[in-house]
$ cat final.cif   # mmCIF, C-alpha atoms
data_structure
loop_
_atom_site.label_atom_id
_atom_site.label_comp_id
_atom_site.auth_asym_id
_atom_site.auth_seq_id
_atom_site.Cartn_x
_atom_site.Cartn_y
_atom_site.Cartn_z
CA MET A 1 -11.53 17.34 -11.10
CA LEU A 2 -14.13 17.49 -13.85
CA ASP A 3 -11.50 17.96 -16.52
CA TYR A 4 -9.71 14.90 -15.14
CA ALA A 5 -12.80 12.88 -16.09
CA GLU A 6 -12.85 14.29 -19.61
CA ARG A 7 -9.16 13.58 -20.06
CA ILE A 8 -9.62 10.04 -18.75
CA ARG A 9 -12.47 9.45 -21.22
CA ALA A 10 -10.49 10.88 -24.14
CA ILE A 11 -7.43 8.78 -23.33
CA SER A 12 -9.54 5.65 -22.79
CA LYS A 13 -11.35 6.10 -26.08
CA ARG A 14 -8.09 6.53 -27.94
CA LEU A 15 -6.54 3.47 -26.29
CA LEU A 16 -9.56 1.31 -27.11
CA GLU A 17 -9.96 2.62 -30.68
CA GLN A 18 -6.32 2.04 -31.48
CA ALA A 19 -6.53 -1.35 -29.79
CA ILE A 20 -3.59 -0.50 -27.54
CA VAL A 21 -5.54 -2.10 -24.70
CA GLU A 22 -8.42 -4.58 -24.58
CA LEU A 23 -10.10 -3.10 -21.53
CA ILE A 24 -9.93 -0.16 -19.21
CA ILE A 25 -10.40 -0.43 -15.47
CA GLY A 26 -11.86 2.78 -14.07
CA PHE A 27 -14.77 4.25 -12.16
CA ARG A 28 -18.34 5.00 -13.09
CA LYS A 29 -20.98 6.87 -11.19
CA GLY A 30 -22.61 4.84 -8.45
CA THR A 31 -26.31 4.83 -7.64
CA VAL A 32 -25.96 6.76 -4.39
CA PRO A 33 -23.88 9.86 -3.67
CA MET A 34 -20.21 9.36 -2.76
CA MET A 35 -20.18 5.77 -3.98
CA ASN A 36 -18.46 5.51 -7.34
CA GLU A 37 -18.11 1.95 -8.47
CA PRO A 38 -15.23 0.29 -10.23
CA CYS A 39 -16.01 -0.75 -13.78
CA ILE A 40 -14.45 -2.45 -16.76
CA VAL A 41 -14.86 -0.75 -20.12
CA ARG A 42 -14.31 -2.67 -23.34
CA THR A 43 -15.55 -0.40 -26.15
CA PRO A 44 -14.90 3.29 -26.97
CA GLU A 45 -18.63 3.98 -26.52
CA GLU A 46 -18.64 2.52 -23.02
CA ALA A 47 -15.75 4.82 -22.13
CA GLU A 48 -18.29 7.65 -21.89
CA GLN A 49 -19.39 6.39 -18.49
CA LEU A 50 -15.97 6.82 -16.88
CA VAL A 51 -15.83 9.46 -14.16
CA TRP A 52 -13.35 10.90 -11.70
CA ASP A 53 -13.92 12.81 -8.47
CA GLY A 54 -13.17 12.56 -4.78
CA ASN A 55 -15.13 9.34 -4.37
CA CYS A 56 -12.75 7.07 -6.23
CA GLY A 57 -11.09 5.76 -3.10
CA ILE A 58 -11.33 2.09 -4.03
CA ASN A 59 -7.92 0.76 -5.03
CA LEU A 60 -8.17 -0.44 -8.63
CA ALA A 61 -4.93 -2.42 -8.47
CA ASN A 62 -7.11 -5.00 -6.74
CA TYR A 63 -8.67 -5.90 -10.11
CA LEU A 64 -5.38 -6.56 -11.90
CA THR A 65 -4.32 -9.74 -10.14
CA GLY A 66 -3.58 -12.53 -12.56
CA ARG A 67 -5.27 -10.95 -15.59
CA LYS A 68 -3.96 -11.95 -18.98
CA GLU A 69 -5.34 -9.17 -21.20
CA LYS A 70 -3.71 -5.93 -22.17
CA ILE A 71 -5.17 -3.52 -19.64
CA GLY A 72 -5.54 0.21 -19.29
CA ILE A 73 -5.96 1.27 -15.69
CA VAL A 74 -6.89 4.56 -14.11
CA SER A 75 -4.57 5.10 -11.22
CA LYS A 76 -4.02 7.66 -8.49
CA GLY A 77 -0.88 7.84 -6.36
CA CYS A 78 -1.58 4.92 -4.05
CA ASP A 79 -3.02 2.73 -6.84
CA SER A 80 0.17 3.21 -8.81
CA ARG A 81 2.25 2.10 -5.85
CA ASN A 82 0.12 -1.01 -5.55
CA ILE A 83 0.56 -1.65 -9.28
CA VAL A 84 4.32 -1.48 -8.75
CA THR A 85 3.95 -4.00 -5.90
CA HIS A 86 1.89 -6.25 -8.18
CA ILE A 87 4.60 -6.13 -10.85
CA ILE A 88 7.34 -6.87 -8.30
CA GLU A 89 5.32 -9.82 -7.01
CA ASN A 90 4.75 -11.14 -10.55
CA LYS A 91 0.98 -10.74 -10.43
CA ILE A 92 0.96 -8.75 -13.65
CA LYS A 93 3.54 -7.80 -16.28
CA ARG A 94 4.58 -4.22 -16.86
CA GLU A 95 4.12 -4.61 -20.65
CA GLN A 96 0.55 -5.69 -20.09
CA ILE A 97 -0.63 -2.50 -18.51
CA TYR A 98 -1.08 1.05 -19.70
CA ILE A 99 -1.37 3.30 -16.67
CA ILE A 100 -3.51 6.40 -16.91
CA GLY A 101 -2.15 8.39 -13.99
CA VAL A 102 -4.36 10.76 -12.05
CA PRO A 103 -2.73 13.26 -9.70
CA CYS A 104 -4.85 13.00 -6.57
CA GLN A 105 -6.04 15.67 -4.19
CA GLY A 106 -7.19 13.22 -1.58
CA MET A 107 -10.39 11.24 -1.35
CA ILE A 108 -13.55 12.15 0.52
CA ASP A 109 -14.35 10.22 3.67
CA ARG A 110 -18.03 9.54 3.17
CA ARG A 111 -18.57 8.53 6.80
CA ARG A 112 -17.05 11.72 8.08
CA LEU A 113 -19.15 13.76 5.68
CA THR A 114 -22.37 11.92 6.43
CA SER A 115 -21.87 12.33 10.17
CA MET A 116 -21.74 16.11 9.73
CA PHE A 117 -25.36 16.24 8.61
CA GLU A 118 -28.52 15.03 10.25
CA LYS A 119 -30.50 14.73 7.04
CA GLU A 120 -29.80 12.52 4.08
CA ILE A 121 -27.27 13.81 1.59
CA GLN A 122 -28.54 13.76 -1.98
CA SER A 123 -25.63 15.11 -3.92
CA VAL A 124 -22.00 15.99 -3.42
CA SER A 125 -20.10 17.99 -5.99
CA GLU A 126 -16.59 19.34 -6.03
CA GLN A 127 -15.00 22.56 -7.19
CA ASN A 128 -11.25 22.69 -6.73
CA SER A 129 -10.75 22.71 -2.98
CA ALA A 130 -14.43 23.05 -2.03
CA VAL A 131 -17.07 20.39 -1.61
CA LEU A 132 -20.71 21.32 -2.10
CA VAL A 133 -23.17 19.12 -0.21
CA LYS A 134 -26.87 19.22 -1.04
CA GLY A 135 -29.87 17.52 0.50
CA ASP A 136 -33.56 18.06 1.09
CA GLY A 137 -33.79 21.70 2.15
CA PHE A 138 -30.13 22.31 2.88
CA GLU A 139 -26.95 23.16 1.06
CA LYS A 140 -23.50 23.59 2.51
CA LYS A 141 -20.06 24.34 1.22
CA LEU A 142 -17.18 22.59 2.97
CA SER A 143 -13.46 22.75 2.42
CA ARG A 144 -11.97 19.60 1.00
CA ALA A 145 -9.49 19.35 3.87
CA GLU A 146 -12.37 18.96 6.33
CA VAL A 147 -13.70 15.80 4.75
CA LEU A 148 -10.57 13.98 3.59
CA GLN A 149 -9.96 10.34 4.36
CA GLU A 150 -7.52 10.02 7.23
CA ASN A 151 -4.82 8.36 5.15
CA CYS A 152 -5.08 11.10 2.51
CA THR A 153 -4.29 13.80 5.05
CA THR A 154 -0.84 12.32 5.67
CA CYS A 155 -0.18 11.06 2.14
CA ILE A 156 3.09 12.18 0.54
CA HIS A 157 2.71 10.36 -2.79
CA ARG A 158 -0.30 11.95 -4.41
CA ASN A 159 1.14 11.83 -7.91
CA PRO A 160 1.41 8.41 -9.57
CA VAL A 161 4.90 6.95 -9.19
CA LEU A 162 4.60 4.97 -12.41
CA CYS A 163 2.45 5.91 -15.35
CA ASP A 164 2.29 6.01 -19.13
CA GLU A 165 0.17 9.10 -19.44
CA LEU A 166 -1.08 11.71 -16.99
CA ALA A 167 -4.67 12.89 -17.01
CA GLY A 168 -3.77 16.21 -15.41
CA ASP A 169 -0.88 18.32 -14.20
CA PRO A 170 0.95 16.89 -11.20
CA VAL A 171 -0.29 18.24 -7.89
CA GLU A 172 1.95 19.59 -5.20
CA GLU A 173 2.94 16.92 -2.70
CA GLN A 174 2.12 17.53 0.95
CA LYS A 175 5.10 18.38 3.08
CA ASP A 176 5.64 18.62 6.82
CA THR A 177 2.84 16.23 7.63
CA ASP A 178 3.21 14.40 10.90
CA ARG A 179 2.73 11.02 9.30
CA TYR A 180 2.84 8.70 12.27
CA ALA A 181 1.31 10.70 15.12
CA ASP A 182 -1.38 8.04 15.58
CA VAL A 183 1.13 5.18 15.78
CA CYS A 184 3.33 7.09 18.22
CA ARG A 185 0.34 7.62 20.47
CA ILE A 186 -0.24 3.87 20.73
CA GLU A 187 3.48 3.20 21.14
CA SER A 188 3.56 5.44 24.17
CA MET A 189 0.86 3.40 25.94
CA SER A 190 1.66 0.75 28.51
CA SER A 191 1.33 -2.89 27.50
CA LYS A 192 -1.99 -3.23 29.32
CA GLU A 193 -3.38 -0.07 27.73
CA LYS A 194 -2.39 -1.33 24.31
CA TRP A 195 -4.22 -4.58 24.88
CA ILE A 196 -7.37 -2.74 25.96
CA TYR A 197 -7.07 -0.26 23.10
CA PHE A 198 -7.08 -3.03 20.50
CA ASN A 199 -9.85 -4.88 22.31
CA ASP A 200 -12.04 -1.79 22.03
CA LEU A 201 -10.98 -1.19 18.44
CA LEU A 202 -12.00 -4.66 17.33
CA SER A 203 -15.07 -5.14 19.49
CA GLU A 204 -17.34 -4.19 16.58
CA CYS A 205 -15.76 -6.55 14.02
CA ILE A 206 -18.24 -8.93 12.39
CA ARG A 207 -15.61 -10.93 10.46
CA CYS A 208 -17.11 -10.04 7.07
CA TYR A 209 -13.60 -9.84 5.56
CA ALA A 210 -14.49 -6.73 3.55
CA CYS A 211 -11.11 -5.27 4.54
CA ARG A 212 -9.35 -8.25 3.06
CA ASP A 213 -11.44 -8.29 -0.11
CA ALA A 214 -10.87 -4.60 -0.76
CA CYS A 215 -7.12 -4.92 -0.26
CA PRO A 216 -5.03 -5.24 -3.42
CA LEU A 217 -2.38 -7.15 -1.46
CA CYS A 218 -4.77 -9.89 -0.34
CA TYR A 219 -4.77 -11.98 -3.47
CA CYS A 220 -3.97 -15.45 -2.07
CA PRO A 221 -6.15 -18.09 -3.78
CA THR A 222 -7.16 -19.34 -0.34
CA CYS A 223 -6.83 -16.95 2.56
CA PHE A 224 -5.50 -18.39 5.83
CA VAL A 225 -8.82 -17.62 7.51
CA ASP A 226 -10.78 -19.65 4.94
CA GLU A 227 -8.49 -22.65 5.15
CA SER A 228 -10.01 -25.54 7.09
CA GLN A 229 -7.27 -28.15 6.78
CA PRO A 230 -5.39 -27.09 8.79
CA GLN A 231 -7.58 -24.52 10.42
CA TRP A 232 -5.16 -21.77 11.39
CA VAL A 233 -7.65 -19.60 13.20
CA GLY A 234 -11.13 -20.00 14.67
CA LYS A 235 -13.94 -18.75 12.50
CA GLY A 236 -16.27 -17.35 15.13
CA GLN A 237 -16.63 -14.08 16.99
CA ASP A 238 -14.23 -15.03 19.75
CA PRO A 239 -12.21 -11.87 20.50
CA ILE A 240 -8.94 -13.78 20.32
CA ASP A 241 -9.80 -15.16 16.87
CA VAL A 242 -10.86 -11.72 15.66
CA ARG A 243 -7.61 -10.28 16.87
CA THR A 244 -5.59 -13.09 15.33
CA PHE A 245 -7.22 -12.47 11.97
CA HIS A 246 -6.51 -8.74 12.04
CA PHE A 247 -2.94 -8.84 13.18
CA LEU A 248 -1.97 -11.76 10.94
CA ARG A 249 -3.54 -10.05 7.95
CA ALA A 250 -1.52 -6.96 8.80
CA TYR A 251 1.66 -9.07 8.99
CA HIS A 252 0.96 -10.40 5.52
CA CYS A 253 0.95 -6.81 4.33
CA ALA A 254 4.24 -5.87 6.03
CA GLY A 255 6.52 -4.01 3.66
CA ARG A 256 3.81 -4.09 1.00
CA CYS A 257 1.09 -1.85 2.37
CA THR A 258 0.88 1.56 0.72
CA ASP A 259 -1.66 2.92 3.20
CA CYS A 260 -4.24 3.41 0.43
CA GLY A 261 -7.04 3.16 3.00
CA ALA A 262 -9.09 0.64 1.02
CA CYS A 263 -9.55 -1.63 4.06
CA GLU A 264 -10.82 1.13 6.27
CA ARG A 265 -13.09 2.47 3.56
CA ALA A 266 -14.61 -0.96 3.02
CA CYS A 267 -15.30 -1.72 6.68
CA PRO A 268 -19.07 -1.64 7.26
CA MET A 269 -18.56 -1.15 10.99
CA GLY A 270 -16.20 1.80 10.64
CA ILE A 271 -13.28 0.09 12.38
CA LYS A 272 -9.94 1.80 11.91
CA VAL A 273 -8.34 -1.26 10.37
CA ARG A 274 -5.28 0.72 9.32
CA THR A 275 -4.16 0.93 12.94
CA PHE A 276 -2.46 -2.46 12.47
CA THR A 277 -0.80 -1.89 9.09
CA ARG A 278 0.33 1.62 10.04
CA LYS A 279 2.69 0.30 12.71
CA LEU A 280 4.32 -2.07 10.23
CA GLU A 281 4.58 0.70 7.69
CA LYS A 282 6.34 2.91 10.21
CA ASP A 283 8.68 0.09 11.26
CA CYS A 284 9.61 -0.60 7.63
CA LEU A 285 10.46 3.02 7.09
CA GLU A 286 12.48 3.31 10.29
CA MET A 287 14.32 -0.02 10.15
CA PHE A 288 14.80 -0.51 6.43
CA GLY A 289 14.20 2.95 4.97
CA TRP A 290 11.54 1.34 2.85
CA GLU A 291 8.30 2.64 1.45
CA ALA A 292 6.31 0.16 -0.57
CA GLY A 293 5.73 0.51 -4.29
CA LEU A 294 8.07 3.32 -5.19
CA SER A 295 10.44 1.53 -7.52
CA LEU A 296 10.41 -1.46 -9.86
CA ASP A 297 14.12 -2.08 -9.38
CA GLU A 298 14.34 -2.49 -5.64
CA ARG A 299 13.36 -5.68 -3.85
CA PRO A 300 11.20 -5.36 -0.73
CA PRO A 301 12.92 -5.66 2.68
CA LEU A 302 11.31 -8.99 3.53
CA ASP A 303 12.93 -10.81 0.60
CA THR A 304 16.38 -9.28 0.82
CA TYR A 305 19.21 -9.68 3.27
CA ARG A 306 21.54 -6.90 4.23
CA PRO A 307 24.31 -7.33 6.77
CA ASP A 308 23.16 -4.19 8.54
CA ASP A 309 19.55 -5.37 8.99
CA PRO A 310 18.47 -4.54 12.52
CA ASN A 311 18.69 -7.59 14.79
CA HIS A 312 18.95 -6.18 18.27
CA PHE A 313 15.91 -8.22 19.38
CA ILE A 314 17.66 -11.56 18.73
CA LYS A 315 19.56 -12.54 21.82
CA MET B 1 2.87 -8.59 19.01
CA GLU B 2 4.28 -6.11 21.46
CA HIS B 3 2.44 -3.26 19.73
CA MET B 4 -0.94 -4.83 20.28
CA GLY B 5 -0.41 -5.44 23.94
CA VAL B 6 1.39 -8.73 24.53
CA GLU B 7 3.92 -8.12 27.30
CA PRO B 8 7.43 -7.68 25.89
CA GLN B 9 8.76 -9.96 28.66
CA ARG B 10 6.93 -12.85 27.00
CA LEU B 11 8.53 -12.33 23.64
CA HIS B 12 11.95 -13.76 23.09
CA PHE B 13 13.96 -14.29 19.94
CA SER B 14 17.13 -16.25 19.92
CA TRP B 15 19.46 -18.00 17.53
CA VAL B 16 20.90 -21.14 19.07
CA SER B 17 22.92 -23.69 17.14
CA SER B 18 22.53 -27.39 17.98
CA ALA B 19 26.14 -27.28 19.17
CA GLU B 20 25.57 -24.43 21.60
CA SER B 21 24.21 -26.35 24.57
CA THR B 22 25.35 -23.85 27.20
CA LYS B 23 23.79 -20.98 25.30
CA PHE B 24 20.55 -22.97 25.07
CA VAL B 25 20.47 -23.50 28.82
CA HIS B 26 21.25 -19.86 29.38
CA VAL B 27 18.45 -18.73 27.04
CA VAL B 28 15.88 -21.06 28.60
CA LYS B 29 16.76 -19.84 32.09
CA GLU B 30 16.43 -16.27 30.98
CA VAL B 31 13.06 -16.86 29.31
CA THR B 32 11.55 -18.73 32.24
CA ALA B 33 12.83 -16.16 34.72
CA SER B 34 11.36 -13.26 32.79
CA VAL B 35 8.02 -15.01 32.25
CA LYS B 36 7.78 -16.05 35.93
CA GLU B 37 8.34 -12.48 36.90
CA ILE B 38 5.20 -11.23 35.12
CA GLY B 39 3.07 -14.21 36.11
CA PRO B 40 0.42 -16.15 34.19
CA ASN B 41 -0.73 -14.90 30.81
CA ASP B 42 -4.29 -13.61 30.89
CA ARG B 43 -4.38 -11.80 27.57
CA PHE B 44 -3.75 -13.85 24.48
CA VAL B 45 -5.62 -16.90 25.76
CA LYS B 46 -8.61 -18.43 24.07
CA THR B 47 -11.19 -19.75 26.49
CA THR B 48 -13.89 -22.21 25.59
CA PRO B 49 -17.22 -20.41 25.56
CA GLU B 50 -19.66 -21.49 28.22
CA VAL B 51 -22.65 -23.37 26.88
CA THR B 52 -25.84 -23.12 28.87
#

$ encode --input "final.cif" --output "C-alpha cells"
Amino acid sequence: MLDYAERIRAISKRLLEQAIVELIIGFRKGTVPMMNEPCIVRTPEEAEQLVWDGNCGINLANYLTGRKEKIGIVSKGCDSRNIVTHIIENKIKREQIYIIGVPCQGMIDRRRLTSMFEKEIQSVSEQNSAVLVKGDGFEKKLSRAEVLQENCTTCIHRNPVLCDELAGDPVEEQKDTDRYADVCRIESMSSKEKWIYFNDLLSECIRCYACRDACPLCYCPTCFVDESQPQWVGKGQDPIDVRTFHFLRAYHCAGRCTDCGACERACPMGIKVRTFTRKLEKDCLEMFGWEAGLSLDERPPLDTYRPDDPNHFIK
Amino acid sequence: MEHMGVEPQRLHFSWVSSAESTKFVHVVKEVTASVKEIGPNDRFVKTTPEVT
C-alpha cells in the first residue's frame, strides 16, 4: 500500500514534468483518520501530497465530467469502470486522460471500524492484510477482511479494466463470492414485506442528496429532484417522495452502476443506498449478461436492441 | 417497482396497436380484474399531511 503511494507520486511527477498531463486527480491525506480527500495537483511539487491507502473509497471518475484539460487520474478497479462509462457516454475523451491504475485490495468501511471501538480512533495504518488502529490508550490489530466496505467484499474487478500505467502488480481477483446474496434475500420476501423493508431502510433519509453528489453517474446539469418546472417529485420528507427519489435515481443508474459504493459511503445517515442499485445490477447481469464499464467497444443494454431481449413481462 | 413492494398484480405492460381494438379490450379487462382482486392501493399513495 505504501509503495503504491510512492509509485503514484513518481508517475504523477513525471507526467507533470513532461507536460503529458495538465493536472492529476488523486487523493491527499485528510484532516481526520480514514478520511482521505480528493485533490487536484497541477505542479510536480504538489504531487508530493498524493497518498494511497484503504481510505480512498471516493470515486474519482466523478471529477472528470465535462473537463477539457489533459488529465491524469488515479484509478482503482471501480473508478476505471466508471471512466469507461464516462467515455462511452461522451463525458470525456479517451485521448484526454492518462489513467494511473491502482490494483485495489478493498476499501475500509470507516463506520464499521468506528463502531468496533468505544473510544475515538486517532490513527489507522495498514500493513498488507492487517489494519492497525490506535487511539488514546488502546491499540488493536484487525484483519483487513473484517473492516472492508460491503461492496468490496463481493467485488470481482479489483484491477483496473482500462489503464495506461499500473502503480503496482495486479492483485488476485476474488472468486467464488456470493455476489447477490443480499438481493436474493429481498427477492424472496412477500410484496408486503418488501414494502415494509424499504420503508424501514429509508426512514432515516434526510434528502441531503449526498448519495447523488458522490455518484459519478449523476452528472445531469439539473437533477430531476431539483427541477421545479415541472416538479417531478415533492421536495419534503414525505415517505413517498423520499422513496420516489431513491428508486428513480437507481433507475437512472440502471446498466451503468459499477457498485463502487460511493453513494453508501457518502450517506451521513448510514443508509444502505446500494440496496436499490444492486437489484438493477443483478437484473442487467441476468437478463443481458451485462456488467457496466468493462469495455469501450460494447454499447450498454439500454441503448441497444437485440431480438432476444427478454420481454416476457409484455403481454 | 415490484422489488420495492408494489404488488405485481398492479403492474402491467402491454403493446397494443391502434388497430388492435379487441386486444385493447381484452387487456383492459385483464388489468381491471387483477387490480379489483387485490383491492385498493394503500402503499404508493401520497397523502396530504394534516395541518393543525

$ atom_distance --input "final.cif" --atom1 "CA of Pro170 (chain A)" --atom2 "CA of His157 (chain A)"
10.8 Å

$ residues_around --input "final.cif" --residues "His26 (chain B)" --least-positions-apart "6" --cutoff "12 Å" --atoms "all atoms listed in the file" --output "PyMOL selection string"
(chain A and resi 315) or (chain B and resi 14+16+20+32-33)

$ interface_residues --input "final.cif" --of "chain A" --to "chain B" --cutoff "10 Å" --atoms "only C-alpha atoms" --output "ChimeraX atom specification"
/A:183,186-199,234,238-241,243-244,247-248,275-276,279-280,311-315

$ resolve_selection --input "final.cif" --expression "the PyMOL selection byres ((chain A and resi 97-114) around 8)" --output "ChimeraX atom specification"
/A:4,8,11,21,34,54-57,70-77,80,93-96,115-118,120-121,144,147-150,152-153,158-160,162-171,265

$ closest_residue --input "final.cif" --among "A:Ile271, A:Leu217, A:Ala181, A:Thr154" --to "Asp200 (chain A)" --atoms "all atoms listed in the file"
A:Ile271

$ residues_around --input "final.cif" --residues "Leu302 (chain A)" --least-positions-apart "3" --cutoff "12 Å" --atoms "only C-alpha atoms" --output "list in words"
Tyr251, His252, Cys253, Ala254, Gly255, Arg256, Leu280, Cys284, Met287, Phe288, Trp290, Ala292, Glu298, Arg299, Tyr305, Arg306 and Asp309 of chain A

$ atom_distance --input "final.cif" --atom1 "CA of Cys78 (chain A)" --atom2 "CA of Arg42 (chain A)"
24.3 Å

$ residues_around --input "final.cif" --residues "Gly26 (chain A)" --least-positions-apart "4" --cutoff "8 Å" --atoms "all atoms listed in the file" --output "PyMOL selection string"
chain A and resi 38-41+50-51+60+73-74

$ atom_distance --input "final.cif" --atom1 "CA of Cys223 (chain A)" --atom2 "CA of Leu296 (chain A)"
26.3 Å

$ residues_near_point --input "final.cif" --point "(11.6, -12.4, 28.9)" --cutoff "6 Å" --atoms "only C-alpha atoms" --output "PyMOL selection string"
chain B and resi 9-10+12+31+34-35

$ closest_residue --input "final.cif" --among "A:Asp136, A:Asp259, A:Asp176, A:Glu48" --to "Lys29 (chain A)" --atoms "only C-alpha atoms"
A:Glu48

$ closest_residue --input "final.cif" --among "A:Glu291, A:Glu6, A:Glu89, A:Asp297" --to "Cys155 (chain A)" --atoms "all atoms listed in the file"
A:Glu291

$ resolve_selection --input "final.cif" --expression "the PyMOL selection byres ((chain A and resi 129) around 9)" --output "list in words"
Gln105, Glu126, Gln127, Asn128, Ala130, Val131, Leu142, Ser143, Arg144 and Ala145 of chain A

$ write_last_selection --input "final.cif" --atoms "C-alpha atoms" --output "PDB file, in the frame of the given file"
ATOM      1  CA  GLN A 105      -6.040  15.670  -4.190  1.00  0.00           C
ATOM      2  CA  GLU A 126     -16.590  19.340  -6.030  1.00  0.00           C
ATOM      3  CA  GLN A 127     -15.000  22.560  -7.190  1.00  0.00           C
ATOM      4  CA  ASN A 128     -11.250  22.690  -6.730  1.00  0.00           C
ATOM      5  CA  ALA A 130     -14.430  23.050  -2.030  1.00  0.00           C
ATOM      6  CA  VAL A 131     -17.070  20.390  -1.610  1.00  0.00           C
ATOM      7  CA  LEU A 142     -17.180  22.590   2.970  1.00  0.00           C
ATOM      8  CA  SER A 143     -13.460  22.750   2.420  1.00  0.00           C
ATOM      9  CA  ARG A 144     -11.970  19.600   1.000  1.00  0.00           C
ATOM     10  CA  ALA A 145      -9.490  19.350   3.870  1.00  0.00           C
TER      11      ALA A 145
END

$ build_atoms --input "final.cif" --residues "region 23-46 of chain B" --atoms "N, CA and C atoms" --output "PDB file, in the frame of the given file"
ATOM      1  N   LYS B  23      24.599 -22.153  25.646  1.00  0.00           N
ATOM      2  CA  LYS B  23      23.790 -20.980  25.300  1.00  0.00           C
ATOM      3  C   LYS B  23      22.303 -21.322  25.423  1.00  0.00           C
ATOM      4  N   PHE B  24      21.948 -22.548  25.002  1.00  0.00           N
ATOM      5  CA  PHE B  24      20.550 -22.970  25.070  1.00  0.00           C
ATOM      6  C   PHE B  24      20.053 -22.927  26.512  1.00  0.00           C
ATOM      7  N   VAL B  25      20.847 -23.497  27.397  1.00  0.00           N
ATOM      8  CA  VAL B  25      20.470 -23.500  28.820  1.00  0.00           C
ATOM      9  C   VAL B  25      20.310 -22.071  29.322  1.00  0.00           C
ATOM     10  N   HIS B  26      21.263 -21.249  28.956  1.00  0.00           N
ATOM     11  CA  HIS B  26      21.250 -19.860  29.380  1.00  0.00           C
ATOM     12  C   HIS B  26      19.965 -19.165  28.901  1.00  0.00           C
ATOM     13  N   VAL B  27      19.631 -19.365  27.613  1.00  0.00           N
ATOM     14  CA  VAL B  27      18.450 -18.730  27.040  1.00  0.00           C
ATOM     15  C   VAL B  27      17.183 -19.205  27.742  1.00  0.00           C
ATOM     16  N   VAL B  28      17.076 -20.516  27.945  1.00  0.00           N
ATOM     17  CA  VAL B  28      15.880 -21.060  28.600  1.00  0.00           C
ATOM     18  C   VAL B  28      15.715 -20.487  30.003  1.00  0.00           C
ATOM     19  N   LYS B  29      16.809 -20.399  30.726  1.00  0.00           N
ATOM     20  CA  LYS B  29      16.760 -19.840  32.090  1.00  0.00           C
ATOM     21  C   LYS B  29      16.266 -18.404  32.050  1.00  0.00           C
ATOM     22  N   GLU B  30      16.799 -17.672  31.101  1.00  0.00           N
ATOM     23  CA  GLU B  30      16.430 -16.270  30.980  1.00  0.00           C
ATOM     24  C   GLU B  30      14.939 -16.111  30.672  1.00  0.00           C
ATOM     25  N   VAL B  31      14.465 -16.932  29.713  1.00  0.00           N
ATOM     26  CA  VAL B  31      13.060 -16.860  29.310  1.00  0.00           C
ATOM     27  C   VAL B  31      12.150 -17.195  30.483  1.00  0.00           C
ATOM     28  N   THR B  32      12.436 -18.318  31.137  1.00  0.00           N
ATOM     29  CA  THR B  32      11.550 -18.730  32.240  1.00  0.00           C
ATOM     30  C   THR B  32      11.565 -17.704  33.365  1.00  0.00           C
ATOM     31  N   ALA B  33      12.745 -17.156  33.649  1.00  0.00           N
ATOM     32  CA  ALA B  33      12.830 -16.160  34.720  1.00  0.00           C
ATOM     33  C   ALA B  33      11.976 -14.956  34.381  1.00  0.00           C
ATOM     34  N   SER B  34      12.076 -14.486  33.125  1.00  0.00           N
ATOM     35  CA  SER B  34      11.360 -13.260  32.790  1.00  0.00           C
ATOM     36  C   SER B  34       9.850 -13.508  32.711  1.00  0.00           C
ATOM     37  N   VAL B  35       9.453 -14.714  32.309  1.00  0.00           N
ATOM     38  CA  VAL B  35       8.020 -15.010  32.250  1.00  0.00           C
ATOM     39  C   VAL B  35       7.456 -15.195  33.664  1.00  0.00           C
ATOM     40  N   LYS B  36       8.229 -15.857  34.538  1.00  0.00           N
ATOM     41  CA  LYS B  36       7.780 -16.050  35.930  1.00  0.00           C
ATOM     42  C   LYS B  36       7.554 -14.726  36.623  1.00  0.00           C
ATOM     43  N   GLU B  37       8.407 -13.785  36.274  1.00  0.00           N
ATOM     44  CA  GLU B  37       8.340 -12.480  36.900  1.00  0.00           C
ATOM     45  C   GLU B  37       6.991 -11.786  36.646  1.00  0.00           C
ATOM     46  N   ILE B  38       6.463 -11.923  35.403  1.00  0.00           N
ATOM     47  CA  ILE B  38       5.200 -11.230  35.120  1.00  0.00           C
ATOM     48  C   ILE B  38       3.973 -12.098  35.398  1.00  0.00           C
ATOM     49  N   GLY B  39       4.188 -13.356  35.723  1.00  0.00           N
ATOM     50  CA  GLY B  39       3.070 -14.210  36.110  1.00  0.00           C
ATOM     51  C   GLY B  39       2.307 -14.782  34.925  1.00  0.00           C
ATOM     52  N   PRO B  40       1.159 -15.449  35.239  1.00  0.00           N
ATOM     53  CA  PRO B  40       0.420 -16.150  34.190  1.00  0.00           C
ATOM     54  C   PRO B  40      -0.128 -15.191  33.127  1.00  0.00           C
ATOM     55  N   ASN B  41      -0.228 -15.691  31.914  1.00  0.00           N
ATOM     56  CA  ASN B  41      -0.730 -14.900  30.810  1.00  0.00           C
ATOM     57  C   ASN B  41      -2.263 -14.861  30.849  1.00  0.00           C
ATOM     58  N   ASP B  42      -2.831 -13.665  30.900  1.00  0.00           N
ATOM     59  CA  ASP B  42      -4.290 -13.610  30.890  1.00  0.00           C
ATOM     60  C   ASP B  42      -4.820 -12.887  29.655  1.00  0.00           C
ATOM     61  N   ARG B  43      -3.921 -12.581  28.727  1.00  0.00           N
ATOM     62  CA  ARG B  43      -4.380 -11.800  27.570  1.00  0.00           C
ATOM     63  C   ARG B  43      -4.639 -12.649  26.333  1.00  0.00           C
ATOM     64  N   PHE B  44      -3.578 -13.129  25.737  1.00  0.00           N
ATOM     65  CA  PHE B  44      -3.750 -13.850  24.480  1.00  0.00           C
ATOM     66  C   PHE B  44      -4.112 -15.311  24.724  1.00  0.00           C
ATOM     67  N   VAL B  45      -5.199 -15.540  25.438  1.00  0.00           N
ATOM     68  CA  VAL B  45      -5.620 -16.900  25.760  1.00  0.00           C
ATOM     69  C   VAL B  45      -7.039 -17.108  25.289  1.00  0.00           C
ATOM     70  N   LYS B  46      -7.251 -18.173  24.543  1.00  0.00           N
ATOM     71  CA  LYS B  46      -8.610 -18.430  24.070  1.00  0.00           C
ATOM     72  C   LYS B  46      -9.296 -19.348  25.063  1.00  0.00           C
TER      73      LYS B  46
END
